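Structure file protein01.cif (mmCIF, C-alpha atoms) follows.
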```
data_target
loop_
_atom_site.label_atom_id
_atom_site.label_comp_id
_atom_site.auth_asym_id
_atom_site.auth_seq_id
_atom_site.Cartn_x
_atom_site.Cartn_y
_atom_site.Cartn_z
CA MET R 1 4.08 17.70 -38.86
CA GLU R 2 4.97 14.33 -37.36
CA PRO R 3 4.00 13.93 -33.69
CA ARG R 4 7.04 14.21 -31.47
CA ARG R 5 8.23 11.64 -28.93
CA VAL R 6 8.05 12.61 -25.25
CA VAL R 7 10.34 11.28 -22.54
CA VAL R 8 10.72 11.66 -18.78
CA THR R 9 14.07 13.23 -17.82
CA GLY R 10 13.54 14.25 -14.18
CA MET R 11 11.38 13.38 -11.17
CA GLY R 12 10.68 14.79 -7.73
CA ALA R 13 8.43 13.67 -4.88
CA VAL R 14 7.25 14.62 -1.41
CA THR R 15 5.16 11.78 0.05
CA PRO R 16 3.97 10.20 3.31
CA ILE R 17 6.72 7.56 2.98
CA GLY R 18 9.60 9.70 1.76
CA ASN R 19 10.42 13.29 0.84
CA ASP R 20 12.40 12.51 -2.31
CA VAL R 21 12.06 9.98 -5.13
CA GLU R 22 14.67 7.54 -3.78
CA SER R 23 13.18 7.47 -0.27
CA PHE R 24 9.67 7.16 -1.71
CA TRP R 25 10.63 4.23 -3.93
CA ASN R 26 12.54 2.48 -1.15
CA GLY R 27 9.48 2.84 1.07
CA LEU R 28 7.32 1.18 -1.57
CA VAL R 29 9.75 -1.69 -2.03
CA GLU R 30 9.88 -2.18 1.76
CA GLY R 31 6.07 -2.07 2.00
CA ARG R 32 6.22 0.84 4.45
CA CYS R 33 2.86 2.19 5.65
CA GLY R 34 2.76 5.99 5.68
CA ILE R 35 -0.57 6.10 7.52
CA GLY R 36 -0.78 7.05 11.19
CA PRO R 37 -2.74 9.07 13.76
CA ILE R 38 -3.55 12.61 12.63
CA THR R 39 -1.17 15.09 14.29
CA LYS R 40 -2.20 18.31 12.56
CA PHE R 41 -5.28 18.90 14.73
CA ASP R 42 -7.19 17.33 17.62
CA THR R 43 -9.38 14.46 16.40
CA THR R 44 -11.01 13.67 19.76
CA ASP R 45 -14.49 14.42 18.43
CA TYR R 46 -13.87 13.03 14.93
CA LYS R 47 -14.91 9.66 13.54
CA VAL R 48 -11.76 9.57 11.43
CA LYS R 49 -8.50 9.36 13.37
CA VAL R 50 -5.83 8.51 10.78
CA ALA R 51 -4.27 10.09 7.70
CA ALA R 52 -1.12 9.77 5.62
CA GLU R 53 0.85 12.86 6.60
CA VAL R 54 4.16 14.03 5.16
CA LYS R 55 6.83 13.70 7.85
CA ASP R 56 9.84 15.94 8.63
CA PHE R 57 9.28 18.31 5.71
CA ASP R 58 11.85 21.13 5.75
CA VAL R 59 10.67 23.85 3.39
CA THR R 60 13.93 25.80 3.79
CA LYS R 61 15.67 23.14 1.67
CA TYR R 62 13.76 24.53 -1.31
CA MET R 63 13.23 28.24 -0.65
CA ASP R 64 13.99 31.01 1.82
CA PHE R 65 11.73 31.66 4.79
CA LYS R 66 10.21 34.84 3.32
CA THR R 67 9.20 33.04 0.11
CA ALA R 68 7.76 30.13 2.10
CA LYS R 69 5.61 32.50 4.16
CA ARG R 70 3.91 33.61 0.94
CA MET R 71 2.89 30.06 0.01
CA GLU R 72 0.36 27.71 1.49
CA LEU R 73 1.48 24.14 2.20
CA PHE R 74 0.18 22.63 -1.06
CA SER R 75 2.29 25.13 -3.02
CA GLN R 76 5.32 24.43 -0.85
CA TYR R 77 5.00 20.72 -1.58
CA GLY R 78 4.59 21.42 -5.30
CA VAL R 79 7.65 23.68 -5.46
CA ALA R 80 9.68 21.17 -3.42
CA ALA R 81 8.88 18.30 -5.80
CA ALA R 82 9.50 20.54 -8.81
CA THR R 83 12.87 21.58 -7.40
CA GLU R 84 14.00 17.97 -7.07
CA ALA R 85 12.70 17.15 -10.56
CA PHE R 86 14.37 20.20 -12.14
CA GLU R 87 17.72 19.48 -10.49
CA ASP R 88 17.43 15.80 -11.39
CA SER R 89 16.86 16.68 -15.04
CA GLY R 90 20.01 18.80 -15.36
CA LEU R 91 18.13 21.52 -17.22
CA ASP R 92 19.78 24.93 -17.50
CA MET R 93 17.18 27.66 -18.05
CA GLU R 94 19.85 30.03 -19.36
CA LYS R 95 20.18 27.69 -22.34
CA GLU R 96 16.42 27.36 -22.91
CA ASP R 97 13.86 29.57 -24.60
CA PRO R 98 11.71 30.30 -21.53
CA PHE R 99 8.57 30.48 -23.70
CA ARG R 100 9.15 26.83 -24.72
CA VAL R 101 9.23 25.60 -21.10
CA GLY R 102 5.88 25.27 -19.32
CA VAL R 103 4.38 24.10 -16.06
CA ILE R 104 1.23 22.16 -15.16
CA VAL R 105 1.42 21.38 -11.45
CA SER R 106 -2.17 21.07 -10.27
CA SER R 107 -4.06 20.91 -6.99
CA GLY R 108 -7.56 19.58 -6.58
CA VAL R 109 -8.65 21.91 -3.76
CA GLY R 110 -5.95 24.51 -3.13
CA SER R 111 -5.69 25.62 0.48
CA MET R 112 -8.58 24.60 2.72
CA GLN R 113 -6.43 25.78 5.64
CA ALA R 114 -6.40 29.34 4.33
CA ASN R 115 -10.18 29.25 4.07
CA GLU R 116 -10.53 27.94 7.61
CA ARG R 117 -8.14 30.50 9.02
CA GLU R 118 -9.37 33.59 7.22
CA ILE R 119 -13.11 32.85 7.36
CA THR R 120 -12.74 32.40 11.12
CA LYS R 121 -11.13 35.85 11.27
CA MET R 122 -13.93 37.33 9.17
CA ASN R 123 -16.60 35.85 11.44
CA GLU R 124 -14.79 37.29 14.45
CA GLY R 125 -14.74 40.75 12.88
CA LYS R 126 -10.98 40.69 12.32
CA LYS R 127 -9.05 41.71 9.21
CA ILE R 128 -8.28 38.93 6.79
CA ALA R 129 -4.76 38.55 5.39
CA PRO R 130 -3.93 40.66 2.31
CA LEU R 131 -2.62 37.58 0.48
CA PHE R 132 -5.56 35.33 1.39
CA ILE R 133 -6.77 34.91 -2.21
CA PRO R 134 -3.42 34.44 -4.00
CA MET R 135 -2.30 31.94 -1.36
CA MET R 136 -5.55 29.96 -1.39
CA ILE R 137 -6.25 29.49 -5.10
CA SER R 138 -5.12 26.20 -6.55
CA ASN R 139 -3.16 27.55 -9.54
CA MET R 140 -0.50 29.00 -7.26
CA ALA R 141 1.61 25.85 -7.14
CA SER R 142 2.05 25.99 -10.90
CA ALA R 143 2.61 29.74 -10.79
CA ASN R 144 5.24 29.54 -8.06
CA VAL R 145 7.20 26.85 -9.91
CA ALA R 146 7.25 29.05 -13.01
CA ILE R 147 8.32 32.10 -11.01
CA LYS R 148 11.17 30.20 -9.34
CA TYR R 149 12.66 29.06 -12.65
CA HIS R 150 11.46 31.81 -15.02
CA MET R 151 9.46 29.34 -17.13
CA MET R 152 7.27 31.47 -19.40
CA GLY R 153 5.50 28.86 -21.54
CA LYS R 154 2.11 27.22 -21.07
CA ASN R 155 1.12 27.35 -17.40
CA ILE R 156 -2.13 25.71 -16.28
CA ASP R 157 -3.82 24.31 -13.19
CA ILE R 158 -6.09 21.40 -14.09
CA VAL R 159 -8.73 20.83 -11.44
CA THR R 160 -10.39 17.45 -11.90
CA ALA R 161 -10.43 16.30 -8.29
CA CYS R 162 -8.50 13.05 -7.85
CA ALA R 163 -7.58 12.92 -11.55
CA SER R 164 -5.85 16.33 -11.53
CA GLY R 165 -2.27 15.04 -11.38
CA THR R 166 -2.74 12.53 -14.18
CA HIS R 167 -4.57 14.99 -16.41
CA SER R 168 -1.71 17.43 -15.83
CA ILE R 169 0.90 14.96 -17.02
CA GLY R 170 -1.29 13.89 -19.93
CA ASP R 171 -1.90 17.45 -21.12
CA ALA R 172 1.81 18.26 -20.74
CA PHE R 173 2.58 15.20 -22.88
CA LYS R 174 0.21 16.49 -25.58
CA ALA R 175 1.72 19.99 -25.41
CA ILE R 176 5.16 18.60 -26.26
CA LYS R 177 3.94 15.98 -28.73
CA TYR R 178 2.19 18.64 -30.81
CA ASP R 179 4.93 21.28 -30.51
CA ASP R 180 3.44 23.74 -28.01
CA ALA R 181 6.50 23.25 -25.81
CA ASP R 182 9.87 21.50 -25.65
CA VAL R 183 9.88 20.93 -21.89
CA MET R 184 7.06 20.72 -19.35
CA LEU R 185 7.15 20.28 -15.58
CA ALA R 186 3.98 18.38 -14.77
CA GLY R 187 2.36 16.79 -11.75
CA GLY R 188 0.14 17.50 -8.79
CA CYS R 189 0.17 18.50 -5.14
CA GLU R 190 -2.22 18.52 -2.22
CA ALA R 191 -2.31 19.37 1.47
CA ALA R 192 -5.89 18.88 2.65
CA ILE R 193 -5.38 17.14 6.00
CA CYS R 194 -7.29 19.72 8.01
CA PRO R 195 -10.66 19.84 9.79
CA THR R 196 -12.74 20.83 6.75
CA GLY R 197 -10.99 18.29 4.55
CA VAL R 198 -11.48 15.42 6.98
CA LEU R 199 -15.00 16.42 8.03
CA GLY R 200 -16.06 16.99 4.43
CA PHE R 201 -15.00 13.55 3.23
CA THR R 202 -16.33 11.98 6.44
CA ALA R 203 -19.74 13.50 5.72
CA LEU R 204 -19.62 11.76 2.35
CA THR R 205 -18.84 8.48 4.17
CA ALA R 206 -15.78 8.28 1.91
CA LEU R 207 -13.08 7.90 4.59
CA SER R 208 -12.06 4.81 6.51
CA THR R 209 -12.95 4.92 10.20
CA GLN R 210 -10.39 2.27 11.12
CA GLU R 211 -8.02 3.40 13.87
CA ASP R 212 -5.41 0.75 13.10
CA PRO R 213 -3.24 2.34 10.36
CA THR R 214 -2.43 -1.06 8.87
CA LYS R 215 -6.12 -1.80 8.30
CA ALA R 216 -7.31 1.62 7.13
CA SER R 217 -6.34 1.53 3.44
CA ARG R 218 -7.13 -1.89 1.98
CA PRO R 219 -7.69 -1.54 -1.77
CA PHE R 220 -9.74 -4.28 -3.40
CA ASP R 221 -10.16 -6.07 -0.03
CA GLN R 222 -13.61 -7.29 1.00
CA ASN R 223 -13.29 -5.42 4.33
CA ARG R 224 -12.35 -2.04 2.83
CA ASP R 225 -14.38 0.79 4.33
CA GLY R 226 -13.11 3.97 2.68
CA PHE R 227 -9.96 5.80 1.66
CA VAL R 228 -7.32 7.46 3.83
CA ILE R 229 -6.60 11.10 3.09
CA GLY R 230 -2.96 11.78 2.24
CA GLU R 231 -0.80 14.73 1.24
CA GLY R 232 2.29 15.54 -0.79
CA SER R 233 3.37 16.13 -4.35
CA ALA R 234 5.22 14.75 -7.34
CA VAL R 235 6.49 16.45 -10.48
CA LEU R 236 7.92 14.96 -13.67
CA VAL R 237 10.08 16.75 -16.22
CA LEU R 238 8.74 15.83 -19.65
CA GLU R 239 10.86 16.62 -22.68
CA GLU R 240 10.83 16.23 -26.43
CA LEU R 241 13.14 13.34 -27.26
CA GLU R 242 15.55 15.13 -29.61
CA HIS R 243 15.77 18.08 -27.24
CA ALA R 244 16.68 15.70 -24.42
CA LYS R 245 19.26 13.85 -26.51
CA ALA R 246 20.85 17.08 -27.72
CA ARG R 247 21.68 18.12 -24.17
CA GLY R 248 22.74 14.64 -23.07
CA ALA R 249 19.88 14.17 -20.63
CA LYS R 250 19.31 10.84 -18.91
CA ILE R 251 16.02 9.31 -20.03
CA TYR R 252 13.93 7.37 -17.53
CA ALA R 253 10.98 6.29 -19.67
CA GLU R 254 8.77 7.38 -22.55
CA ILE R 255 5.14 8.51 -22.42
CA VAL R 256 3.30 7.01 -25.36
CA GLY R 257 -0.42 7.40 -24.67
CA TYR R 258 -3.03 9.42 -22.81
CA GLY R 259 -6.74 8.81 -22.46
CA ALA R 260 -9.28 11.19 -20.92
CA THR R 261 -13.03 10.61 -20.64
CA ASN R 262 -15.97 11.42 -18.39
CA ASP R 263 -18.53 8.98 -17.00
CA ALA R 264 -21.35 11.57 -17.17
CA PHE R 265 -22.99 9.43 -14.51
CA HIS R 266 -22.69 10.66 -10.91
CA ILE R 267 -20.86 13.34 -8.92
CA THR R 268 -18.98 10.88 -6.67
CA SER R 269 -19.42 7.35 -8.03
CA PRO R 270 -17.65 5.96 -11.10
CA ALA R 271 -19.82 4.44 -13.81
CA GLU R 272 -20.98 1.05 -12.57
CA ASP R 273 -20.05 -0.83 -15.75
CA GLY R 274 -16.54 0.66 -15.86
CA SER R 275 -17.05 1.91 -19.41
CA GLY R 276 -15.83 5.46 -18.76
CA ALA R 277 -12.48 4.60 -17.21
CA GLY R 278 -12.22 1.53 -19.44
CA THR R 279 -12.60 3.67 -22.56
CA ALA R 280 -9.90 6.05 -21.27
CA MET R 281 -7.61 3.02 -20.98
CA LYS R 282 -8.49 1.97 -24.52
CA ILE R 283 -7.75 5.48 -25.84
CA ALA R 284 -4.35 5.50 -24.11
CA MET R 285 -3.52 2.06 -25.51
CA LYS R 286 -4.60 3.06 -29.01
CA GLU R 287 -2.35 6.13 -28.97
CA ALA R 288 0.49 3.95 -27.68
CA GLY R 289 -0.13 1.47 -30.50
CA ILE R 290 -0.52 -1.50 -28.17
CA GLU R 291 -2.98 -4.32 -27.52
CA PRO R 292 -4.29 -5.55 -24.13
CA LYS R 293 -1.72 -8.37 -24.16
CA ASP R 294 1.10 -5.78 -24.18
CA VAL R 295 0.12 -4.19 -20.86
CA ASP R 296 2.47 -5.61 -18.23
CA TYR R 297 1.39 -3.51 -15.26
CA ILE R 298 -1.41 -1.18 -14.14
CA ASN R 299 -1.05 1.23 -11.25
CA ALA R 300 -4.71 1.34 -10.27
CA HIS R 301 -6.56 4.29 -8.78
CA GLY R 302 -7.35 1.72 -6.08
CA THR R 303 -8.76 4.00 -3.37
CA SER R 304 -10.06 1.36 -0.91
CA THR R 305 -13.68 2.49 -1.34
CA HIS R 306 -16.33 -0.04 -2.26
CA HIS R 307 -17.46 1.68 -5.46
CA ASN R 308 -14.06 2.64 -6.85
CA ASP R 309 -12.41 -0.73 -6.44
CA LEU R 310 -15.35 -2.70 -7.82
CA PHE R 311 -16.03 -0.38 -10.76
CA GLU R 312 -12.34 0.09 -11.58
CA THR R 313 -11.97 -3.69 -11.70
CA ARG R 314 -14.84 -3.73 -14.18
CA ALA R 315 -13.10 -0.92 -16.12
CA ILE R 316 -9.90 -2.93 -16.40
CA LYS R 317 -11.88 -5.93 -17.70
CA PHE R 318 -13.76 -3.61 -20.09
CA ALA R 319 -10.45 -2.39 -21.52
CA LEU R 320 -8.37 -5.56 -21.48
CA GLY R 321 -10.91 -8.37 -21.75
CA ASP R 322 -9.50 -11.74 -20.71
CA GLU R 323 -5.99 -10.25 -20.68
CA ALA R 324 -6.98 -8.44 -17.48
CA TYR R 325 -6.26 -11.70 -15.64
CA ASN R 326 -2.69 -11.77 -16.97
CA THR R 327 -1.82 -8.23 -15.92
CA HIS R 328 -0.22 -7.27 -12.60
CA ILE R 329 -2.11 -4.51 -10.77
CA ASN R 330 -1.33 -2.68 -7.55
CA SER R 331 -2.45 0.30 -5.48
CA THR R 332 0.16 2.73 -4.18
CA LYS R 333 -2.59 4.19 -1.96
CA SER R 334 -2.28 1.14 0.28
CA MET R 335 0.90 2.82 1.61
CA THR R 336 0.48 6.54 0.88
CA GLY R 337 -3.23 7.00 1.33
CA HIS R 338 -4.99 9.13 -1.27
CA LEU R 339 -3.23 12.36 -2.21
CA LEU R 340 -6.32 13.63 -4.08
CA GLY R 341 -4.97 16.01 -6.77
CA GLY R 342 -1.45 14.75 -6.13
CA ALA R 343 -2.27 11.04 -6.34
CA GLY R 344 -1.82 10.55 -10.08
CA ALA R 345 1.50 12.38 -9.98
CA ILE R 346 3.15 10.18 -7.35
CA GLU R 347 1.71 7.14 -9.10
CA ALA R 348 3.28 8.26 -12.40
CA VAL R 349 6.62 8.28 -10.59
CA VAL R 350 5.85 4.74 -9.41
CA CYS R 351 5.22 3.60 -12.99
CA VAL R 352 8.53 5.03 -14.18
CA LYS R 353 10.46 3.53 -11.27
CA SER R 354 8.72 0.17 -11.75
CA ILE R 355 9.79 0.12 -15.41
CA GLN R 356 13.34 1.08 -14.45
CA ASN R 357 13.65 -1.51 -11.70
CA SER R 358 11.55 -4.32 -13.19
CA TYR R 359 9.59 -4.45 -9.96
CA ILE R 360 5.91 -4.07 -9.03
CA HIS R 361 5.38 -3.16 -5.39
CA ALA R 362 2.92 -4.97 -3.15
CA THR R 363 -0.55 -3.76 -2.28
CA ILE R 364 -0.13 -3.89 1.48
CA GLY R 365 -2.89 -4.34 4.06
CA SER R 366 -5.19 -6.15 1.64
CA GLU R 367 -5.71 -9.86 2.24
CA GLU R 368 -9.03 -11.16 0.95
CA PRO R 369 -10.36 -9.93 -2.40
CA GLY R 370 -13.77 -8.29 -2.39
CA GLU R 371 -16.75 -9.31 -4.48
CA GLU R 372 -15.85 -9.33 -8.21
CA CYS R 373 -12.32 -8.14 -7.33
CA ASP R 374 -10.74 -11.22 -8.88
CA LEU R 375 -7.67 -9.83 -10.65
CA ASN R 376 -4.00 -9.98 -9.62
CA TYR R 377 -3.61 -7.01 -7.26
CA CYS R 378 -0.24 -8.10 -5.80
CA PHE R 379 -1.68 -8.52 -2.31
CA GLY R 380 1.06 -8.62 0.30
CA LYS R 381 3.99 -9.33 -1.99
CA GLY R 382 5.88 -7.45 -4.68
CA VAL R 383 6.68 -8.99 -8.07
CA ASN R 384 9.92 -8.99 -10.04
CA LYS R 385 8.86 -8.55 -13.65
CA GLU R 386 10.24 -6.98 -16.81
CA ILE R 387 7.88 -4.12 -17.71
CA LYS R 388 7.71 -2.70 -21.22
CA TYR R 389 4.32 -1.00 -20.95
CA ALA R 390 2.56 0.34 -17.85
CA LEU R 391 -0.72 2.17 -17.40
CA SER R 392 -1.57 4.61 -14.61
CA ASN R 393 -5.27 5.11 -13.84
CA SER R 394 -6.91 8.05 -12.06
CA LEU R 395 -10.65 8.51 -11.44
CA GLY R 396 -11.97 11.77 -10.00
CA PHE R 397 -15.23 12.97 -8.47
CA GLY R 398 -17.45 14.27 -11.26
CA GLY R 399 -16.66 11.26 -13.44
CA HIS R 400 -13.24 12.47 -14.60
CA ASN R 401 -11.04 9.64 -15.90
CA ALA R 402 -7.40 9.92 -16.92
CA VAL R 403 -4.97 7.22 -18.02
CA ILE R 404 -1.32 7.52 -19.03
CA ALA R 405 0.64 4.85 -20.91
CA PHE R 406 4.35 4.61 -20.11
CA LYS R 407 6.92 2.64 -22.12
CA LYS R 408 10.43 1.44 -21.36
CA TYR R 409 12.65 3.78 -23.35
CA GLU R 410 14.18 2.41 -26.53
CA ALA R 411 16.36 4.66 -28.69
#
```
Could you express the structure from this file as structure tokens?
Amino acid sequence: MEPRRVVVTGMGAVTPIGNDVESFWNGLVEGRCGIGPITKFDTTDYKVKVAAEVKDFDVTKYMDFKTAKRMELFSQYGVAAATEAFEDSGLDMEKEDPFRVGVIVSSGVGSMQANEREITKMNEGKKIAPLFIPMMISNMASANVAIKYHMMGKNIDIVTACASGTHSIGDAFKAIKYDDADVMLAGGCEAAICPTGVLGFTALTALSTQEDPTKASRPFDQNRDGFVIGEGSAVLVLEELEHAKARGAKIYAEIVGYGATNDAFHITSPAEDGSGAGTAMKIAMKEAGIEPKDVDYINAHGTSTHHNDLFETRAIKFALGDEAYNTHINSTKSMTGHLLGGAGAIEAVVCVKSIQNSYIHATIGSEEPGEECDLNYCFGKGVNKEIKYALSNSLGFGGHNAVIAFKKYEA
């Protein structure tokens, strides 16, 4: 059987700079910083004071109050993004075989808030909530999307830390390409801005301790001092090309490659020579049938940590060679912070929108490149550029690397 072509026909997003795709994209074009003082809990005794919180989220736009009460925030974000994506796609489940429509909407950590709340009750000798487990576990975003729309096909939660969202889209792409499904809703979600989330990453010395939001997330900058924790979700509707054309769907872009590797090196640091992530990029390019010179744009993982930004730069050079210097690179995390399991999903949306609009947003906040960070990271200014091929990189704790190759759609 010939591999099938896979296209993007719908998108949804809930982010620190906008609670739908249009608002999110406009925020990126404007260079809006979604980082600010943490409002979800008192940070008086915390080293870390800022995060990239979702603002003005109204869950009742997506579900009734009773349904919302049975979901933790990460699931609510996931269902919200999936709702926008589904409606954007124009799909009608009454016309679909439900066993040919699947969902992979992943979360890296599930609900830390549920753990905090219920373990506190347990230690105080109180009863824990009957739904503690099914609300906490990270597969519930994917499950709740399927329940809402009666999607009975492949349903998975891929937990690979900060690569979860990208792996989800990549595996959904493969499911359609090799005829396990006709339609997949794929992406990631996270809501880990809570005491254990912030304290845990602080203990790793992974978070920025800057109190000025404009200086906290500075990818590839010599003064970067850690990432900023963010929250939100994005979901893409992926569809087999002929299936999409048969129902007259609008087509945003095509997915043409997916690379997945592991560094097998360290639990938190990427491989120092960049070979793991670089090989994932090479695998994605090979599947796409392209050479380094064809890559117009890379949405980098770009976390604003010393190790990631240095070793990802080496990975890009490993994959592209001298062409790395001719490629435009940016970091969406400069504006949104790091959505952990949701990061790759919102960055996939960015790739699609960048292809559509022939525009690469700025990496804001960054001014002076760090040691060995000598590529074109679009510091401070966006770039108008025709984009045929774009790569989206995600690197997760544990050495998990995922790369997706997007292409401007051509019939």
Checklist line | Picked residues, the PyMOL selection byres ((chain R and resi 96-103) around 12), expected as a ChimeraX atom specification | finding: /R:78-79,82,86,90-95,104-106,139-158,168-169,171-173,175-176,179-188,235-240,243-244,247
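Computed from the coordinates, the CA of Gly165 in chain R to CA of Ala343 in chain R distance equals 6.4 Å.
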Check: Separation of CA of Phe41 in chain R and CA of Ile267 in chain R, in Å?
Finding: 28.9 Å
Notebook entry, point to check: Hey, what comes out of the PyMOL selection byres ((chain R and resi 296-313) around 6) on this file? Could you write it as a ChimeraX atom specification?
Noted result: /R:217-220,224-227,272,274,295,314-316,327-331,387,389-394
Prev. selection, C-alpha atoms, output as an mmCIF file, keeping the file's coordinate frame:
```cif
data_model
loop_
_atom_site.group_PDB
_atom_site.id
_atom_site.type_symbol
_atom_site.label_atom_id
_atom_site.label_comp_id
_atom_site.auth_asym_id
_atom_site.auth_seq_id
_atom_site.Cartn_x
_atom_site.Cartn_y
_atom_site.Cartn_z
ATOM 1 C CA SER R 217 -6.340 1.530 3.440
ATOM 2 C CA ARG R 218 -7.130 -1.890 1.980
ATOM 3 C CA PRO R 219 -7.690 -1.540 -1.770
ATOM 4 C CA PHE R 220 -9.740 -4.280 -3.400
ATOM 5 C CA ARG R 224 -12.350 -2.040 2.830
ATOM 6 C CA ASP R 225 -14.380 0.790 4.330
ATOM 7 C CA GLY R 226 -13.110 3.970 2.680
ATOM 8 C CA PHE R 227 -9.960 5.800 1.660
ATOM 9 C CA GLU R 272 -20.980 1.050 -12.570
ATOM 10 C CA GLY R 274 -16.540 0.660 -15.860
ATOM 11 C CA VAL R 295 0.120 -4.190 -20.860
ATOM 12 C CA ARG R 314 -14.840 -3.730 -14.180
ATOM 13 C CA ALA R 315 -13.100 -0.920 -16.120
ATOM 14 C CA ILE R 316 -9.900 -2.930 -16.400
ATOM 15 C CA THR R 327 -1.820 -8.230 -15.920
ATOM 16 C CA HIS R 328 -0.220 -7.270 -12.600
ATOM 17 C CA ILE R 329 -2.110 -4.510 -10.770
ATOM 18 C CA ASN R 330 -1.330 -2.680 -7.550
ATOM 19 C CA SER R 331 -2.450 0.300 -5.480
ATOM 20 C CA ILE R 387 7.880 -4.120 -17.710
ATOM 21 C CA TYR R 389 4.320 -1.000 -20.950
ATOM 22 C CA ALA R 390 2.560 0.340 -17.850
ATOM 23 C CA LEU R 391 -0.720 2.170 -17.400
ATOM 24 C CA SER R 392 -1.570 4.610 -14.610
ATOM 25 C CA ASN R 393 -5.270 5.110 -13.840
ATOM 26 C CA SER R 394 -6.910 8.050 -12.060
#
```
Note to self: Measuring between only C-alpha atoms, which one of R:Ala345, R:Ala191, R:Leu320, R:Met335 shows the shortest distance to Ile17 in chain R?
What the structure shows: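 Closest candidate: R:Met335.
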Item checked: Given all atoms listed in the file as the counted atoms, nearest of R:Thr205, R:Asn19, R:Thr160, R:Thr214 to Asn401 in chain R -> R:Thr160
Notebook entry, point to check: So which one's closest to Tyr252 in chain R, R:Asn326, R:Asn223, R:Ser354, R:Thr44? Using only C-alpha atoms, please.
Noted result: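 Nearest candidate to Tyr252 in chain R out of R:Asn326, R:Asn223, R:Ser354, R:Thr44: R:Ser354.
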Check: His361 in chain R: which residues within 12 Å, counting all atoms listed in the file, same-chain residues fewer than 4 positions away excluded, as a ChimeraX atom specification?
Finding: /R:24-32,297-299,328-335,347,350-351,353-355,357,377-385
Please determine an axis-aligned box that encloses all atoms of range 23-27 of chain R listed in the file, with 4 Å added on each side, and express its centre and edge lengths in Å to one decimal as lines of an AutoDock Vina configuration file.
```
center_x = 11.3
center_y = 5.0
center_z = -1.4
size_x = 11.7
size_y = 13.0
size_z = 13.0
```
Margin query: Suppose a student applies the PyMOL selection byres ((chain R and resi 128) around 6) to this structure; what residues should they get, written as number ranges by chain?
Written below: R: 118, 127, 129
Item checked: Computed interatomic separation between CA of Thr166 in chain R and CA of Glu386 in chain R (Å) ->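 These atoms are spaced 23.6 Å apart.
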Note to self: Could you list, as a list in words, every residue within 9 Å of Ala114 in chain R, counting all atoms listed in the file and ignoring same-chain residues fewer than 4 positions away?
What the structure shows: Glu72, Gly110, Glu118, Ile119, Phe132, Ile133, Met135 and Met136 of chain R
Checklist line | Nearest-residue call for Ala234 in chain R, choices R:Ala402, R:Ala348, R:Ala52, R:Ala81, using only C-alpha atoms | finding: R:Ala81
Checklist line | Closest of R:Phe65, R:Phe265, R:Phe397, R:Phe406 to Gly289 in chain R - atom-to-atom distances counting all atoms listed in the file | finding: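 Checking each candidate against Gly289 in chain R, we get R:Phe406 as the closest.
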Margin query: Given all atoms listed in the file as the basis, pick out the residue of R:Leu395, R:Ile360, R:Val349, R:Ala206 nearest to Ala280 in chain R.
Written below: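 The shortest atom-to-atom distance to Ala280 in chain R comes from R:Leu395.
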Item checked: Ala260 in chain R surroundings by only C-alpha atoms, 9 Å radius, close-in-sequence under 5 positions cut, as a VMD selection string -> chain R and resid 167 170 276 to 277 279 to 281 283 to 284 400 to 404
Next item on the list: Taking the point (-13.1, 12.7, 8.4) as given in the file, collect each protein or nucleic acid residue that comes within 7 Å of it, counting all atoms listed in the file, and present the set as a list in words.
Entry: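 Within 7 Å of (-13.1, 12.7, 8.4), the protein and nucleic acid residues are Tyr46, Lys47, Val48, Val198, Leu199, Gly200, Phe201, Thr202 and Leu207 of chain R.
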Using the block above, I'd like range 37-42 of chain R written out, keeping N, CA, C and O atoms and formatting it as a CSV table (one decimal), in the first residue's frame.
```
chain,number,residue,atom,x,y,z
R,37,PRO,N,3.8,38.1,36.9
R,37,PRO,CA,3.9,37.6,38.2
R,37,PRO,C,2.9,36.4,38.4
R,37,PRO,O,1.8,36.5,37.9
R,38,ILE,N,3.3,35.4,39.1
R,38,ILE,CA,2.4,34.3,39.4
R,38,ILE,C,1.2,34.8,40.3
R,38,ILE,O,1.4,35.4,41.3
R,39,THR,N,0.0,34.4,39.8
R,39,THR,CA,-1.2,34.8,40.6
R,39,THR,C,-1.9,33.6,41.2
R,39,THR,O,-2.9,33.8,42.0
R,40,LYS,N,-1.5,32.4,40.9
R,40,LYS,CA,-2.2,31.2,41.3
R,40,LYS,C,-2.0,30.8,42.7
R,40,LYS,O,-2.7,30.1,43.3
R,41,PHE,N,-0.9,31.3,43.3
R,41,PHE,CA,-0.6,31.0,44.7
R,41,PHE,C,0.5,32.1,45.2
R,41,PHE,O,1.0,32.8,44.4
R,42,ASP,N,0.6,32.2,46.5
R,42,ASP,CA,1.5,33.2,47.1
R,42,ASP,C,3.0,32.7,46.9
R,42,ASP,O,3.4,31.7,47.4
```
